[in-house]
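Dropping my_file-v6.txt in here (compact mmCIF, C-alpha atoms (C1' of nucleotides)):
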```txt
# COMPACT_ATOMS: atom_id res chain seq x y z
CA MET G 238 73.37 128.34 115.87
CA ASN G 239 70.76 126.16 117.56
CA THR G 240 72.33 122.80 118.37
CA THR G 241 69.09 120.90 118.16
CA SER G 242 68.19 122.20 114.73
CA GLU G 243 71.47 120.89 113.36
CA LEU G 244 70.52 117.31 114.06
CA LEU G 245 69.40 115.41 111.00
CA THR G 246 67.12 112.44 110.41
CA ILE G 247 68.33 109.37 108.57
CA GLN G 248 66.30 110.52 105.55
CA GLN G 249 68.09 113.83 105.40
CA VAL G 250 71.49 112.23 105.79
CA SER G 251 70.58 109.83 103.03
CA GLU G 252 69.77 112.72 100.72
CA ILE G 253 72.90 114.63 101.62
CA THR G 254 75.33 111.74 101.37
CA GLY G 255 73.72 109.75 98.58
CA LEU G 256 73.78 106.64 100.75
CA SER G 257 70.47 104.83 101.14
CA VAL G 258 68.91 104.69 104.60
CA HIS G 259 69.49 100.95 104.43
CA THR G 260 73.18 101.47 103.84
CA LEU G 261 73.44 104.05 106.62
CA ARG G 262 71.97 101.59 109.10
CA TYR G 263 74.10 98.79 107.64
CA TYR G 264 77.29 100.83 108.10
CA GLU G 265 76.34 101.50 111.70
CA ARG G 266 75.55 97.84 112.37
CA ILE G 267 78.92 96.68 111.12
CA GLY G 268 80.77 99.35 113.07
CA LEU G 269 81.78 101.66 110.24
CA ILE G 270 79.77 104.41 111.90
CA TYR G 271 79.72 104.40 115.68
CA PRO G 272 76.26 104.37 117.34
CA ILE G 273 74.30 107.45 116.38
CA ASP G 274 72.47 109.36 119.12
CA ARG G 275 68.73 108.83 119.32
CA ALA G 276 65.78 111.14 119.78
CA GLN G 277 63.19 109.73 122.19
CA ASN G 278 65.46 106.73 122.46
CA THR G 279 64.54 105.36 119.03
CA HIS G 280 65.00 107.54 115.92
CA ARG G 281 68.54 108.39 114.89
CA ARG G 282 69.69 112.01 114.97
CA TYR G 283 72.88 112.69 113.06
CA SER G 284 75.24 115.48 114.15
CA SER G 285 77.52 117.40 111.82
CA ASP G 286 80.41 115.40 113.26
CA ASP G 287 78.65 112.23 112.13
CA LEU G 288 78.26 113.76 108.67
CA GLY G 289 81.94 114.63 108.58
CA TRP G 290 82.89 111.08 109.42
CA ILE G 291 80.56 109.64 106.79
CA ASP G 292 82.03 112.00 104.25
CA PHE G 293 85.51 110.78 105.05
CA LEU G 294 84.38 107.15 104.84
CA LEU G 295 83.00 107.85 101.38
CA LYS G 296 86.34 109.20 100.26
CA LEU G 297 88.11 106.12 101.55
CA ARG G 298 85.54 103.97 99.78
CA ALA G 299 85.91 105.94 96.55
CA THR G 300 89.63 105.27 96.63
CA GLY G 301 89.03 101.56 96.90
CA MET G 302 89.48 100.88 100.60
CA SER G 303 87.67 97.69 101.64
CA ILE G 304 84.98 97.69 104.29
CA GLN G 305 87.24 95.54 106.43
CA ASP G 306 90.00 98.14 106.40
CA MET G 307 87.53 100.95 107.08
CA GLN G 308 86.22 98.94 110.02
CA ARG G 309 89.72 98.65 111.40
CA TYR G 310 90.25 102.37 110.95
CA ALA G 311 86.96 103.21 112.70
CA GLU G 312 87.89 100.90 115.55
CA LEU G 313 91.22 102.67 116.02
CA GLN G 314 89.51 106.05 115.96
CA CYS G 315 87.22 104.90 118.77
CA GLU G 316 90.11 103.65 120.84
CA GLY G 317 91.46 107.15 121.14
CA GLU G 318 94.54 109.20 120.68
CA HIS G 319 97.10 106.49 121.37
CA THR G 320 96.13 104.88 118.05
CA LEU G 321 97.18 107.95 116.07
CA PRO G 322 100.45 106.38 114.91
CA GLU G 323 98.69 103.29 113.61
CA ARG G 324 96.08 105.39 111.86
CA LEU G 325 98.85 107.40 110.28
CA GLU G 326 100.44 104.19 109.01
CA MET G 327 97.13 103.05 107.55
CA MET G 328 96.71 106.31 105.70
CA LYS G 329 100.26 106.18 104.38
CA ALA G 330 99.79 102.62 103.17
CA HIS G 331 96.53 103.61 101.55
CA ARG G 332 98.16 106.58 99.86
CA LEU G 333 100.75 104.28 98.32
CA LYS G 334 98.02 101.95 97.12
CA VAL G 335 96.02 104.75 95.53
CA GLU G 336 99.11 106.18 93.86
CA GLY G 337 99.82 102.74 92.41
CA GLN G 338 96.24 102.46 91.19
CA MET G 339 96.55 105.80 89.47
CA ARG G 340 99.77 104.87 87.72
CA GLU G 341 98.21 101.62 86.49
CA LEU G 342 95.10 103.43 85.37
CA GLN G 343 97.21 105.93 83.45
CA GLU G 344 99.13 103.18 81.66
CA HIS G 345 95.98 101.37 80.60
CA LEU G 346 94.38 104.63 79.61
CA ASP G 347 97.30 105.31 77.29
CA LEU G 348 96.67 101.98 75.62
CA ILE G 349 92.99 102.73 75.23
CA CYS G 350 93.87 106.07 73.65
CA SER G 351 96.18 104.44 71.16
CA LYS G 352 93.44 101.93 70.35
CA ILE G 353 91.13 104.85 69.67
CA GLY G 354 93.69 106.38 67.32
CA PHE G 355 94.04 103.09 65.52
CA TYR G 356 90.29 102.73 65.12
CA GLU G 357 89.96 106.22 63.76
CA GLU G 358 92.62 105.56 61.13
CA GLU G 359 91.05 102.28 60.15
CA ILE G 360 87.61 103.79 59.85
CA ALA G 361 88.95 106.67 57.78
CA ALA G 362 90.87 104.28 55.51
CA LYS G 363 87.83 102.13 54.87
CA ASN G 364 85.41 105.03 54.63
CA LEU G 365 83.13 103.39 57.14
CA ASN G 366 82.03 106.72 58.39
CA MET E 103 109.23 79.92 64.30
CA ASN E 104 107.26 76.71 64.46
CA THR E 105 103.57 77.53 64.52
CA THR E 106 102.61 74.46 66.54
CA SER E 107 105.11 75.15 69.29
CA GLU E 108 103.56 78.57 69.86
CA LEU E 109 100.28 77.07 70.98
CA LEU E 110 99.86 77.09 74.73
CA THR E 111 97.92 74.94 77.17
CA ILE E 112 95.43 76.47 79.58
CA GLN E 113 97.97 75.97 82.37
CA GLN E 114 100.59 77.98 80.55
CA VAL E 115 98.15 80.76 79.72
CA SER E 116 97.09 80.79 83.35
CA GLU E 117 100.69 81.30 84.43
CA ILE E 118 101.34 83.99 81.84
CA THR E 119 98.18 86.01 82.40
CA GLY E 120 97.69 85.46 86.11
CA LEU E 121 94.12 84.31 85.48
CA SER E 122 93.19 80.94 86.99
CA VAL E 123 92.31 78.11 84.61
CA HIS E 124 88.80 78.31 86.06
CA THR E 125 88.57 81.95 85.11
CA LEU E 126 89.93 81.33 81.62
CA ARG E 127 87.23 78.74 81.00
CA TYR E 128 84.64 80.97 82.63
CA TYR E 129 85.53 83.89 80.36
CA GLU E 130 85.21 81.64 77.33
CA ARG E 131 81.86 80.26 78.50
CA ILE E 132 80.36 83.72 78.90
CA GLY E 133 81.67 84.88 75.55
CA LEU E 134 84.46 87.19 76.71
CA ILE E 135 86.92 84.99 74.87
CA TYR E 136 85.70 83.42 71.66
CA PRO E 137 85.96 79.61 71.42
CA ILE E 138 89.59 78.54 71.67
CA ASP E 139 90.90 75.96 69.17
CA ARG E 140 91.29 72.43 70.46
CA ALA E 141 94.02 69.84 70.10
CA GLN E 142 92.63 66.38 69.37
CA ASN E 143 89.20 67.93 69.71
CA THR E 144 89.32 68.33 73.50
CA HIS E 145 92.15 70.27 75.16
CA ARG E 146 92.40 73.99 74.50
CA ARG E 147 95.39 75.37 72.61
CA TYR E 148 95.83 79.12 72.88
CA SER E 149 97.41 81.11 70.05
CA SER E 150 99.35 84.34 70.49
CA ASP E 151 96.31 86.16 69.09
CA ASP E 152 94.26 84.68 71.90
CA LEU E 153 96.86 85.90 74.37
CA GLY E 154 96.76 89.38 72.87
CA TRP E 155 93.01 89.52 73.26
CA ILE E 156 93.16 88.32 76.86
CA ASP E 157 95.76 90.95 77.58
CA PHE E 158 93.53 93.64 76.21
CA LEU E 159 90.57 92.33 78.23
CA LEU E 160 92.69 92.56 81.37
CA LYS E 161 93.45 96.19 80.65
CA LEU E 162 89.77 96.94 80.20
CA ARG E 163 89.05 95.11 83.43
CA ALA E 164 91.82 96.95 85.28
CA THR E 165 90.25 100.24 84.22
CA GLY E 166 86.93 99.19 85.70
CA MET E 167 84.98 98.03 82.66
CA SER E 168 82.20 95.62 83.66
CA ILE E 169 82.00 92.11 82.29
CA GLN E 170 78.77 93.07 80.59
CA ASP E 171 80.45 95.86 78.64
CA MET E 172 83.39 93.65 77.76
CA GLN E 173 80.94 91.04 76.49
CA ARG E 174 79.34 93.63 74.26
CA TYR E 175 82.73 94.68 72.96
CA ALA E 176 83.74 91.08 72.25
CA GLU E 177 80.45 90.53 70.44
CA LEU E 178 81.08 93.55 68.21
CA GLN E 179 84.61 92.38 67.49
CA CYS E 180 83.23 89.03 66.30
CA GLU E 181 80.67 90.68 64.07
CA GLY E 182 83.42 92.17 61.97
CA GLU E 183 84.64 95.36 60.51
CA HIS E 184 81.30 97.12 60.16
CA THR E 185 81.19 97.43 63.95
CA LEU E 186 84.37 99.51 64.07
CA PRO E 187 82.49 102.79 64.59
CA GLU E 188 80.56 101.38 67.54
CA ARG E 189 83.71 99.94 69.06
CA LEU E 190 85.35 103.32 68.67
CA GLU E 191 82.45 104.93 70.50
CA MET E 192 82.73 102.39 73.30
CA MET E 193 86.41 103.11 73.72
CA LYS E 194 85.84 106.86 73.70
CA ALA E 195 83.12 106.55 76.33
CA HIS E 196 85.37 104.35 78.39
CA ARG E 197 88.23 106.81 78.12
CA LEU E 198 85.99 109.55 79.48
CA LYS E 199 84.94 107.31 82.35
CA VAL E 200 88.52 106.44 83.25
CA GLU E 201 89.59 110.06 83.06
CA GLY E 202 86.77 110.94 85.45
CA GLN E 203 87.80 108.16 87.80
CA MET E 204 91.34 109.47 87.82
CA ARG E 205 90.28 113.00 88.61
CA GLU E 206 88.12 111.77 91.48
CA LEU E 207 90.91 109.57 92.75
CA GLN E 208 93.30 112.52 92.68
CA GLU E 209 90.91 114.70 94.69
CA HIS E 210 90.42 112.08 97.35
CA LEU E 211 94.12 111.35 97.41
CA ASP E 212 94.77 115.00 98.16
CA LEU E 213 92.46 114.77 101.14
CA ILE E 214 94.20 111.65 102.38
CA CYS E 215 97.54 113.43 102.08
CA SER E 216 96.31 116.37 104.10
CA LYS E 217 95.00 113.95 106.71
CA ILE E 218 98.44 112.42 106.86
CA GLY E 219 99.98 115.84 107.44
CA PHE E 220 97.48 116.54 110.18
CA TYR E 221 98.24 113.24 111.89
CA GLU E 222 101.96 113.87 111.77
CA GLU E 223 101.57 117.27 113.39
CA GLU E 224 99.29 115.89 116.07
CA ILE E 225 101.63 113.04 116.85
CA ALA E 226 104.60 115.40 117.03
CA ALA E 227 102.70 117.80 119.29
CA LYS E 228 101.74 115.07 121.70
CA ASN E 229 105.04 113.25 121.54
CA LEU E 230 103.29 110.02 120.81
CA ASN E 231 106.22 108.86 118.80
C1' DT T 2 39.95 106.93 117.24
C1' DA T 3 41.78 105.47 112.90
C1' DT T 4 45.06 106.05 109.48
C1' DT T 5 49.24 107.40 107.45
C1' DG T 6 53.97 107.49 107.23
C1' DA T 7 58.66 107.68 108.96
C1' DC T 8 61.25 105.06 111.72
C1' DT T 9 63.08 100.59 114.12
C1' DT T 10 65.28 95.60 114.10
C1' DA T 11 66.87 91.09 112.53
C1' DG T 12 67.69 88.68 108.93
C1' DA T 13 66.99 87.12 104.05
C1' DG T 14 68.21 88.05 99.26
C1' DC T 15 70.88 89.72 95.36
C1' DG T 16 74.27 91.00 91.56
C1' DC T 17 78.91 90.72 90.46
C1' DG T 18 82.92 88.28 89.47
C1' DC T 19 84.84 84.76 90.18
C1' DT T 20 86.09 79.95 92.41
C1' DC T 21 85.45 75.39 93.32
C1' DT T 22 83.44 70.56 92.92
C1' DA T 23 82.23 66.25 90.85
C1' DA T 24 82.55 63.08 87.58
C1' DA T 25 84.30 61.83 83.38
C1' DT T 26 87.97 61.75 79.77
C1' DT T 27 92.56 62.16 77.94
C1' DG T 28 97.75 62.28 77.98
C1' DT T 29 102.11 60.69 79.75
C1' DA T 30 105.62 58.18 82.42
C1' DG T 31 107.13 53.81 84.42
C1' DC Z 169 99.19 47.91 81.21
C1' DT Z 170 98.92 50.80 85.18
C1' DA Z 171 98.94 54.79 87.57
C1' DC Z 172 98.87 59.57 87.92
C1' DA Z 173 98.41 64.24 86.23
C1' DA Z 174 96.02 67.45 83.35
C1' DT Z 175 92.04 68.46 81.11
C1' DT Z 176 86.97 68.59 80.19
C1' DT Z 177 81.89 69.90 81.39
C1' DA Z 178 77.87 71.54 83.98
C1' DG Z 179 76.65 73.50 87.76
C1' DA Z 180 77.01 74.72 92.78
C1' DG Z 181 79.11 77.90 96.08
C1' DC Z 182 81.26 82.09 97.84
C1' DG Z 183 82.82 86.83 99.43
C1' DC Z 184 81.80 91.46 98.92
C1' DG Z 185 78.90 95.27 99.43
C1' DC Z 186 74.96 96.37 99.61
C1' DT Z 187 69.53 96.08 99.24
C1' DC Z 188 65.23 94.66 100.55
C1' DT Z 189 61.54 92.46 103.49
C1' DA Z 190 58.70 91.61 107.42
C1' DA Z 191 56.96 92.79 111.48
C1' DG Z 192 56.67 96.08 114.74
C1' DT Z 193 56.87 101.02 117.19
C1' DC Z 194 55.78 105.75 117.40
C1' DA Z 195 54.06 110.61 116.14
C1' DA Z 196 51.18 113.49 113.71
C1' DT Z 197 46.85 114.35 111.13
C1' DA Z 198 41.83 113.76 109.65
```

Would you put the structure from the file into C-alpha cells?
Amino acid sequence: MNTTSELLTIQQVSEITGLSVHTLRYYERIGLIYPIDRAQNTHRRYSSDDLGWIDFLLKLRATGMSIQDMQRYAELQCEGEHTLPERLEMMKAHRLKVEGQMRELQEHLDLICSKIGFYEEEIAAKNLN
Amino acid sequence: MNTTSELLTIQQVSEITGLSVHTLRYYERIGLIYPIDRAQNTHRRYSSDDLGWIDFLLKLRATGMSIQDMQRYAELQCEGEHTLPERLEMMKAHRLKVEGQMRELQEHLDLICSKIGFYEEEIAAKNLN
DNA sequence: TATTGACTTAGAGCGCGCTCTAAATTGTAG
DNA sequence: CTACAATTTAGAGCGCGCTCTAAGTCAATA
C-alpha cells in the first residue's frame, strides 16, 4: 500500500516483462513508452501504470503490430481523450488484420497436417521406421 | 499437354507466386530452391514441380518458419527418401509451433476486443461521437 | 578513500529477409 | 543489323527491431 515501494527499477521491469533493459530504454527513446519518472533525477522508476502500458504494447507486438503503428497509438494516447475515436478505429483495423492472419495460419496449418499424414503413410509403406 | 509450353520464365513465376525475380534468384542461391533447369544454358525455365515446391515454401514462410529451417528442410528433401522420418519430425514440430502461435494470437485478440468494447463505452459516455 | 556495480546517454552494430545495382549477355522486333 | 527488353551474376544496400558499446554518473560497501 506504500506508493514508493511499488516503484520498480529498470532491472526489475526487465525481469518482469522479459524485455531487456536496452529494449526498455529503446522503446522510451522512440516514444513507445512515454518518459518514465526518475529517482534523484537520473534513475528510472516504473509505476504499475507504466507496467500496464508495457504489457499492452507487448500484446500488440505479439499480434504483429509494427513499431510505427504502436508509436502512432502511443502518440494518440498522449494527446488525450479526444483521440479515443481514432484509437478505436486503430484497434478495429488491427482486429481485422489479426483475424485475417489467424485464418491464413489455419489454412496453412491444415496443409502441413495433411503433409504429415502423407509422410506417415509413406514411411509406413516403405518400412523406413 | 505440350511439356515445353509448361515451362515458365522467371517473370511469369514472379507474377504467379508474388515473389520478385530478385527473391526467386535469391532463394535459389541460398539453396531454398534447388537449381532450376536452363534454356539454352542461361535463362531459367521453371517446371510445374518447381512451382509446387515454391508454393509449399510460401506456406511454410507464412506460418513463420525461418529461412534457416526451410533450408534444412530443402536439404533433406534433396538427400532423398531416407530423410522422410526427419522431415516428418520437422513438420510435426512446426505444427506444434503454429498451434501455439494461434493460441497466443487468440488470447491477445480477445484482449484487443475487450479494449474495443471499453473504447466504445467510453466514447458513448462522453458523447465524443 | 577506493572500488564495485547499477544506472545514464548517444550512437554504432547486427541478424534477418529481402531488394537493388552494375555490368555483361542473350532474345526479339523492326 | 540495330535497338531494346529480359535475363544473368556477384555483391552492395536497406528497413526493421532490436542489441551492444563506450564513456560517464552516482550510491553503497570494504

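If you count only C-alpha atoms (C1' of nucleotides) and ignore residues fewer than 6 places along the chain from His259 (chain G), what sits within 12 Å of it is Ile247, Gln248, Val250, Ser251, Glu265 and Arg266 of chain G; DC8, DT9 and DT10 of chain T; DC186, DT187, DC188 and DT189 of chain Z.
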
TODO: Give me the residues within 12 Å of DT5 (chain T) as a count of residues only, counting all atoms listed in the file and dropping any in the same chain fewer than 6 places off.
DONE: 4

Chain G contacts to chain T at 12 Å (only C-alpha atoms (C1' of nucleotides)) as an mmCIF file with C-alpha atoms, keeping the file's coordinate frame:
```
data_model
loop_
_atom_site.group_PDB
_atom_site.id
_atom_site.type_symbol
_atom_site.label_atom_id
_atom_site.label_comp_id
_atom_site.auth_asym_id
_atom_site.auth_seq_id
_atom_site.Cartn_x
_atom_site.Cartn_y
_atom_site.Cartn_z
ATOM 1 C CA THR G 246 67.120 112.440 110.410
ATOM 2 C CA ILE G 247 68.330 109.370 108.570
ATOM 3 C CA GLN G 248 66.300 110.520 105.550
ATOM 4 C CA GLN G 249 68.090 113.830 105.400
ATOM 5 C CA VAL G 258 68.910 104.690 104.600
ATOM 6 C CA HIS G 259 69.490 100.950 104.430
ATOM 7 C CA ARG G 262 71.970 101.590 109.100
ATOM 8 C CA TYR G 263 74.100 98.790 107.640
ATOM 9 C CA ARG G 266 75.550 97.840 112.370
ATOM 10 C CA ARG G 275 68.730 108.830 119.320
ATOM 11 C CA ALA G 276 65.780 111.140 119.780
ATOM 12 C CA GLN G 277 63.190 109.730 122.190
ATOM 13 C CA ASN G 278 65.460 106.730 122.460
ATOM 14 C CA THR G 279 64.540 105.360 119.030
ATOM 15 C CA HIS G 280 65.000 107.540 115.920
ATOM 16 C CA ARG G 281 68.540 108.390 114.890
ATOM 17 C CA ARG G 282 69.690 112.010 114.970
#
```

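The space separating CA of Leu134 (chain E) from CA of Met172 (chain E) comes to 6.6 Å.
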
Open item on the list: With all atoms listed in the file considered, list every residue of chain G at most 7 Å from chain E, as a ChimeraX atom specification.
Closed with: /G:296,300,321,325,328-329,332,339,342,345-346,349,353,356,360

Proximity check chain Z to chain E, 12 Å, nearest pairs one decimal Å, only C-alpha atoms (C1' of nucleotides), as a tab-separated table:
```
residue	atom	partner	partner_atom	distance
Z:DA174	C1'	E:Gln113	CA	8.8
Z:DT175	C1'	E:His145	CA	6.2
Z:DT176	C1'	E:Thr144	CA	7.1
Z:DT177	C1'	E:Arg127	CA	10.3
Z:DA178	C1'	E:Arg131	CA	11.0
```

Writer output for current selection, C-alpha atoms (C1' of nucleotides), as a PDB file, keeping the file's coordinate frame:
```pdb
ATOM      1  C1'  DA Z 174      96.020  67.450  83.350  1.00  0.00           C
ATOM      2  C1'  DT Z 175      92.040  68.460  81.110  1.00  0.00           C
ATOM      3  C1'  DT Z 176      86.970  68.590  80.190  1.00  0.00           C
ATOM      4  C1'  DT Z 177      81.890  69.900  81.390  1.00  0.00           C
ATOM      5  C1'  DA Z 178      77.870  71.540  83.980  1.00  0.00           C
TER       6       DA Z 178
END
```

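CA of Gln308 (chain G) lies 28.9 Å from CA of Ile169 (chain E).
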
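The coordinates place CA of Gly120 (chain E) at 10.3 Å from CA of Asp157 (chain E).
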
Place N, CA and C atoms on region 214-226 of chain E and deliver the coordinates as an mmCIF file, in the coordinates of the input.
```
data_model
loop_
_atom_site.group_PDB
_atom_site.id
_atom_site.type_symbol
_atom_site.label_atom_id
_atom_site.label_comp_id
_atom_site.auth_asym_id
_atom_site.auth_seq_id
_atom_site.Cartn_x
_atom_site.Cartn_y
_atom_site.Cartn_z
ATOM 1 N N ILE E 214 93.486 112.639 101.572
ATOM 2 C CA ILE E 214 94.200 111.650 102.380
ATOM 3 C C ILE E 214 95.588 112.199 102.761
ATOM 4 N N CYS E 215 96.220 112.844 101.800
ATOM 5 C CA CYS E 215 97.540 113.430 102.080
ATOM 6 C C CYS E 215 97.459 114.504 103.153
ATOM 7 N N SER E 216 96.408 115.317 103.093
ATOM 8 C CA SER E 216 96.310 116.370 104.100
ATOM 9 C C SER E 216 96.016 115.763 105.464
ATOM 10 N N LYS E 217 95.253 114.681 105.468
ATOM 11 C CA LYS E 217 95.000 113.950 106.710
ATOM 12 C C LYS E 217 96.307 113.417 107.283
ATOM 13 N N ILE E 218 97.150 112.934 106.424
ATOM 14 C CA ILE E 218 98.440 112.420 106.860
ATOM 15 C C ILE E 218 99.266 113.535 107.511
ATOM 16 N N GLY E 219 99.269 114.704 106.891
ATOM 17 C CA GLY E 219 99.980 115.840 107.440
ATOM 18 C C GLY E 219 99.450 116.223 108.809
ATOM 19 N N PHE E 220 98.133 116.208 108.923
ATOM 20 C CA PHE E 220 97.480 116.540 110.180
ATOM 21 C C PHE E 220 97.863 115.552 111.273
ATOM 22 N N TYR E 221 97.858 114.278 110.939
ATOM 23 C CA TYR E 221 98.240 113.240 111.890
ATOM 24 C C TYR E 221 99.668 113.429 112.359
ATOM 25 N N GLU E 222 100.547 113.720 111.413
ATOM 26 C CA GLU E 222 101.960 113.870 111.770
ATOM 27 C C GLU E 222 102.173 115.020 112.745
ATOM 28 N N GLU E 223 101.479 116.126 112.484
ATOM 29 C CA GLU E 223 101.570 117.270 113.390
ATOM 30 C C GLU E 223 101.066 116.902 114.781
ATOM 31 N N GLU E 224 99.915 116.239 114.805
ATOM 32 C CA GLU E 224 99.290 115.890 116.070
ATOM 33 C C GLU E 224 100.190 114.951 116.875
ATOM 34 N N ILE E 225 100.757 113.997 116.179
ATOM 35 C CA ILE E 225 101.630 113.040 116.850
ATOM 36 C C ILE E 225 102.871 113.745 117.395
ATOM 37 N N ALA E 226 103.425 114.651 116.596
ATOM 38 C CA ALA E 226 104.600 115.400 117.030
ATOM 39 C C ALA E 226 104.266 116.247 118.257
#
```
